[in-house]
Amino acid sequence: MDYNTDSAPYLSLFAAVSYGVSSMAMVFINKAVLMQYSNSMTLLTFQQLMTTLLIRFGRVTGYTKARGFNIETAKKLLLVSLFYNANVAFALASLKGVNIPMYIAIKRLTPLAVLIAGFFYGKGKPTTQVTLSVLLTAAGVVIAALGDFSFDLFGYSMAFTSVFFQTMYLVLVEKSGAEDGLSSVEIMFYNSILSLPFLLFLIIATGEFPNSMAMLFAKSTSISFLVLLLLSLVMGIVLNYTMFLCTIVNSALTTTIVGVLKGVGSTTLGFVLLGGVQVRALNVTGLVINTAGGVWYSLAKYQQKRNKLPKLMTDVETHRK
């Protein structure tokens, strides 16, 4: 995907900010929907179906220049789709049992997982500050969990599994975008199409269908629920697009850093919105430590990137001479 050099910095900033805002909004919207409609797999299926139909509509009407479906490309992106849907499915399942501050805290472990994955596929050893910051983040999760009186083993397990799949997903999206030259809309289109058979199998195998449809029809008389459901479907598309865009325009690491930073706001709001959280000293201490580790990590990565720029410019000048 090619970008104009002059507009690249602004596009990078837009991609990062839009992903952060949509990601924070999506957590609360999904939580609100799941408090009334517990069928998370069916909800995800609706989100992916809506994405497929809207992108198809955009191609037909000329609003997007995304290329059509190609079997060879689909084969390359099959794992991306599987990891993405596993990530979201486990995340939605965890929200049914984990409060938002703890959910955000656990998801902040993604940078640690991304760094570990990067080490195994040859991205090198992280700096001391990066290592210490992710360890502090992990320590914060442990402390916060010990003080979480609403501890739900199933919810925690789902959240940790989601972290694993999100890590694999982010790395694969970055790789596929760089190697195949696909736009964010095209990756989203393939992801939504490839996910549908997988999701349909899951909602039938887990027994959600047809009970989920019966519950949906029963809830259809509630205007507030329908508004929340529509918001969830729309924001699902927005979140998918901005996540792919941020990963392609910037990197998988930038996407995780933005996720950490938006988590600060989400954690704060999570204490008061949607039922709030019972405040316990140990739990709050752990969340503060977790947040501090996330901010430290972001600053360490920013400094690391800045330090690389002068070296890069020096190498270019030396090459020219």
# chains A, B, ... in the order shown; residues from 1 in each chain; ligands from 1
>>> residues_around(residues="Asn39 in chain A", least_positions_apart="3", cutoff="7 Å", atoms="only C-alpha atoms", output="PDB file with C-alpha atoms, in the first residue's frame")
ATOM      1  CA  THR A  42     -23.504 -14.650  17.614  1.00  0.00           C
ATOM      2  CA  LEU A  43     -22.686 -10.980  18.213  1.00  0.00           C
ATOM      3  CA  GLU A 208     -25.750 -20.687  20.801  1.00  0.00           C
ATOM      4  CA  SER A 212     -29.394 -16.788  20.361  1.00  0.00           C
TER       5      SER A 212
END
>>> residues_around(residues="Gln166 in chain A", least_positions_apart="5", cutoff="7 Å", atoms="only C-alpha atoms", output="MDAnalysis selection string")
chainID A and resid 83:84 87
>>> select_by_dssp(residues="range 72-129 of chain A", states="alpha helix (DSSP H)", output="JSON, numbers by chain")
{"A": [72, 73, 74, 75, 76, 77, 78, 79, 80, 81, 82, 83, 84, 85, 86, 87, 88, 89, 90, 91, 92, 93, 94, 95, 100, 101, 102, 103, 104, 105, 106, 107, 110, 111, 112, 113, 114, 115, 116, 117, 118, 119, 120, 128, 129]}
>>> residues_around(residues="Ala86 in chain A", least_positions_apart="4", cutoff="8 Å", atoms="only C-alpha atoms", output="PyMOL selection string")
chain A and resi 82+90+162+165
>>> residues_around(residues="range 231-233 of chain A", least_positions_apart="5", cutoff="9 Å", atoms="only C-alpha atoms", output="PyMOL selection string")
chain A and resi 26+29-30+33+43-44+46-48+50-51+226+238
>>> write_last_selection(atoms="N, CA, C and O atoms", output="mmCIF file, in the first residue's frame")
data_model
loop_
_atom_site.group_PDB
_atom_site.id
_atom_site.type_symbol
_atom_site.label_atom_id
_atom_site.label_comp_id
_atom_site.auth_asym_id
_atom_site.auth_seq_id
_atom_site.Cartn_x
_atom_site.Cartn_y
_atom_site.Cartn_z
ATOM 1 N N MET A 26 -15.336 0.647 21.947
ATOM 2 C CA MET A 26 -15.834 -0.694 21.652
ATOM 3 C C MET A 26 -15.930 -1.559 22.905
ATOM 4 O O MET A 26 -16.855 -2.370 23.042
ATOM 5 N N ILE A 29 -19.136 -0.522 24.733
ATOM 6 C CA ILE A 29 -20.335 -0.879 23.966
ATOM 7 C C ILE A 29 -20.573 -2.382 24.020
ATOM 8 O O ILE A 29 -21.698 -2.846 24.249
ATOM 9 N N ASN A 30 -19.510 -3.166 23.812
ATOM 10 C CA ASN A 30 -19.650 -4.630 23.879
ATOM 11 C C ASN A 30 -20.070 -5.093 25.264
ATOM 12 O O ASN A 30 -20.901 -5.996 25.407
ATOM 13 N N VAL A 33 -23.754 -4.409 25.677
ATOM 14 C CA VAL A 33 -24.575 -5.362 24.926
ATOM 15 C C VAL A 33 -24.587 -6.715 25.620
ATOM 16 O O VAL A 33 -25.648 -7.337 25.788
ATOM 17 N N LEU A 43 -22.956 -12.410 18.371
ATOM 18 C CA LEU A 43 -22.686 -10.980 18.213
ATOM 19 C C LEU A 43 -21.522 -10.767 17.252
ATOM 20 O O LEU A 43 -21.590 -9.924 16.347
ATOM 21 N N LEU A 44 -20.457 -11.527 17.421
ATOM 22 C CA LEU A 44 -19.294 -11.413 16.541
ATOM 23 C C LEU A 44 -19.655 -11.802 15.104
ATOM 24 O O LEU A 44 -19.187 -11.175 14.148
ATOM 25 N N PHE A 46 -22.570 -11.439 13.644
ATOM 26 C CA PHE A 46 -23.297 -10.303 13.077
ATOM 27 C C PHE A 46 -22.343 -9.185 12.660
ATOM 28 O O PHE A 46 -22.515 -8.560 11.604
ATOM 29 N N GLN A 47 -21.331 -8.921 13.499
ATOM 30 C CA GLN A 47 -20.368 -7.864 13.190
ATOM 31 C C GLN A 47 -19.600 -8.179 11.906
ATOM 32 O O GLN A 47 -19.405 -7.299 11.053
ATOM 33 N N GLN A 48 -19.181 -9.418 11.753
ATOM 34 C CA GLN A 48 -18.432 -9.794 10.562
ATOM 35 C C GLN A 48 -19.310 -9.822 9.319
ATOM 36 O O GLN A 48 -18.859 -9.451 8.220
ATOM 37 N N MET A 50 -21.942 -7.913 8.812
ATOM 38 C CA MET A 50 -22.173 -6.515 8.469
ATOM 39 C C MET A 50 -20.959 -5.923 7.749
ATOM 40 O O MET A 50 -21.099 -5.175 6.770
ATOM 41 N N THR A 51 -19.758 -6.264 8.208
ATOM 42 C CA THR A 51 -18.536 -5.789 7.562
ATOM 43 C C THR A 51 -18.454 -6.272 6.120
ATOM 44 O O THR A 51 -18.152 -5.492 5.203
ATOM 45 N N LEU A 226 -31.633 -2.238 20.893
ATOM 46 C CA LEU A 226 -31.414 -2.169 19.448
ATOM 47 C C LEU A 226 -30.392 -1.089 19.088
ATOM 48 O O LEU A 226 -29.567 -1.276 18.189
ATOM 49 N N VAL A 238 -15.663 -0.109 12.359
ATOM 50 C CA VAL A 238 -14.703 0.981 12.564
ATOM 51 C C VAL A 238 -13.441 0.476 13.255
ATOM 52 O O VAL A 238 -12.315 0.808 12.862
#
>>> closest_atom_pairs(of="range 95-202 of chain A", to="range 9-25 of chain A", cutoff="12 Å", atoms="only C-alpha atoms", output="CSV")
residue,atom,partner,partner_atom,distance
A:Ile100,CA,A:Met24,CA,10.5
A:Pro101,CA,A:Met24,CA,11.7
A:Tyr103,CA,A:Met24,CA,11.9
A:Ile104,CA,A:Met24,CA,9.7
A:Ser184,CA,A:Ala15,CA,10.8
>>> residues_around(residues="range 116-121 of chain A", least_positions_apart="3", cutoff="9 Å", atoms="only C-alpha atoms", output="PyMOL selection string")
chain A and resi 111-113+124-126+167-168+171
>>> write_last_selection(atoms="all heavy atoms", output="PDB file, in the first residue's frame")
ATOM      1  N   PRO A 111       1.821  -6.333  24.789  1.00  0.00           N
ATOM      2  CA  PRO A 111       3.181  -5.950  24.396  1.00  0.00           C
ATOM      3  C   PRO A 111       4.241  -6.951  24.843  1.00  0.00           C
ATOM      4  O   PRO A 111       5.203  -7.213  24.105  1.00  0.00           O
ATOM      5  CB  PRO A 111       3.382  -4.594  25.086  1.00  0.00           C
ATOM      6  CG  PRO A 111       2.007  -4.039  25.201  1.00  0.00           C
ATOM      7  CD  PRO A 111       1.123  -5.219  25.480  1.00  0.00           C
ATOM      8  N   LEU A 112       4.085  -7.521  26.049  1.00  0.00           N
ATOM      9  CA  LEU A 112       5.024  -8.531  26.525  1.00  0.00           C
ATOM     10  C   LEU A 112       4.988  -9.744  25.597  1.00  0.00           C
ATOM     11  O   LEU A 112       6.036 -10.274  25.194  1.00  0.00           O
ATOM     12  CB  LEU A 112       4.666  -8.950  27.954  1.00  0.00           C
ATOM     13  CG  LEU A 112       5.421 -10.151  28.542  1.00  0.00           C
ATOM     14  CD1 LEU A 112       6.924  -9.870  28.585  1.00  0.00           C
ATOM     15  CD2 LEU A 112       4.893 -10.499  29.921  1.00  0.00           C
ATOM     16  N   ALA A 113       3.785 -10.158  25.247  1.00  0.00           N
ATOM     17  CA  ALA A 113       3.643 -11.316  24.357  1.00  0.00           C
ATOM     18  C   ALA A 113       4.193 -11.024  22.969  1.00  0.00           C
ATOM     19  O   ALA A 113       4.821 -11.882  22.339  1.00  0.00           O
ATOM     20  CB  ALA A 113       2.169 -11.723  24.275  1.00  0.00           C
ATOM     21  N   GLY A 124      15.157  -9.668  17.595  1.00  0.00           N
ATOM     22  CA  GLY A 124      16.225  -9.232  18.485  1.00  0.00           C
ATOM     23  C   GLY A 124      15.802  -9.069  19.931  1.00  0.00           C
ATOM     24  O   GLY A 124      14.627  -9.179  20.292  1.00  0.00           O
ATOM     25  N   LYS A 125      16.810  -8.774  20.773  1.00  0.00           N
ATOM     26  CA  LYS A 125      16.589  -8.649  22.214  1.00  0.00           C
ATOM     27  C   LYS A 125      16.090  -7.256  22.567  1.00  0.00           C
ATOM     28  O   LYS A 125      16.624  -6.256  22.091  1.00  0.00           O
ATOM     29  CB  LYS A 125      17.914  -8.932  22.945  1.00  0.00           C
ATOM     30  CG  LYS A 125      17.811  -8.918  24.452  1.00  0.00           C
ATOM     31  CD  LYS A 125      19.170  -9.205  25.077  1.00  0.00           C
ATOM     32  CE  LYS A 125      19.081  -9.145  26.599  1.00  0.00           C
ATOM     33  NZ  LYS A 125      20.408  -9.394  27.236  1.00  0.00           N
ATOM     34  N   PRO A 126      15.036  -7.134  23.403  1.00  0.00           N
ATOM     35  CA  PRO A 126      14.524  -5.814  23.789  1.00  0.00           C
ATOM     36  C   PRO A 126      15.488  -5.099  24.724  1.00  0.00           C
ATOM     37  O   PRO A 126      16.348  -5.718  25.361  1.00  0.00           O
ATOM     38  CB  PRO A 126      13.209  -6.144  24.504  1.00  0.00           C
ATOM     39  CG  PRO A 126      13.404  -7.527  25.024  1.00  0.00           C
ATOM     40  CD  PRO A 126      14.250  -8.228  23.987  1.00  0.00           C
ATOM     41  N   THR A 167      -1.754 -11.487  19.966  1.00  0.00           N
ATOM     42  CA  THR A 167      -0.336 -11.384  19.634  1.00  0.00           C
ATOM     43  C   THR A 167      -0.044 -12.025  18.270  1.00  0.00           C
ATOM     44  O   THR A 167       0.599 -11.415  17.400  1.00  0.00           O
ATOM     45  CB  THR A 167       0.520 -12.080  20.711  1.00  0.00           C
ATOM     46  OG1 THR A 167       0.260 -11.465  21.974  1.00  0.00           O
ATOM     47  CG2 THR A 167       1.996 -11.966  20.396  1.00  0.00           C
ATOM     48  N   MET A 168      -0.527 -13.231  18.085  1.00  0.00           N
ATOM     49  CA  MET A 168      -0.327 -13.927  16.812  1.00  0.00           C
ATOM     50  C   MET A 168      -0.986 -13.166  15.663  1.00  0.00           C
ATOM     51  O   MET A 168      -0.440 -13.042  14.570  1.00  0.00           O
ATOM     52  CB  MET A 168      -0.895 -15.342  16.888  1.00  0.00           C
ATOM     53  CG  MET A 168      -0.242 -16.251  17.921  1.00  0.00           C
ATOM     54  SD  MET A 168       1.524 -16.538  17.584  1.00  0.00           S
ATOM     55  CE  MET A 168       2.294 -15.368  18.734  1.00  0.00           C
ATOM     56  N   VAL A 171       1.028  -9.819  14.687  1.00  0.00           N
ATOM     57  CA  VAL A 171       2.260 -10.135  13.957  1.00  0.00           C
ATOM     58  C   VAL A 171       1.944 -10.565  12.523  1.00  0.00           C
ATOM     59  O   VAL A 171       2.589 -10.138  11.569  1.00  0.00           O
ATOM     60  CB  VAL A 171       3.052 -11.242  14.694  1.00  0.00           C
ATOM     61  CG1 VAL A 171       4.213 -11.730  13.833  1.00  0.00           C
ATOM     62  CG2 VAL A 171       3.573 -10.718  16.027  1.00  0.00           C
TER      63      VAL A 171
END
>>> closest_residue(among="A:Ala300, A:Val185, A:Ala32, A:Ala281", to="Thr128 in chain A", atoms="only C-alpha atoms")
A:Ala300
>>> residues_around(residues="range 186-190 of chain A", least_positions_apart="6", cutoff="12 Å", atoms="only C-alpha atoms", output="PyMOL selection string")
chain A and resi 1+47-59+64-82+84-85+172-178+180+196+236-245+247-248
>>> residues_around(residues="Ala138 in chain A", least_positions_apart="4", cutoff="7 Å", atoms="only C-alpha atoms", output="number ranges by chain")
A: 109, 134, 142, 290
>>> closest_residue(among="A:Ser183, A:Ser133, A:Ser266, A:Asn250", to="Leu299 in chain A", atoms="only C-alpha atoms")
A:Ser133
>>> closest_residue(among="A:Ile204, A:Leu34, A:Val264, A:Leu95", to="Val288 in chain A", atoms="only C-alpha atoms")
A:Val264
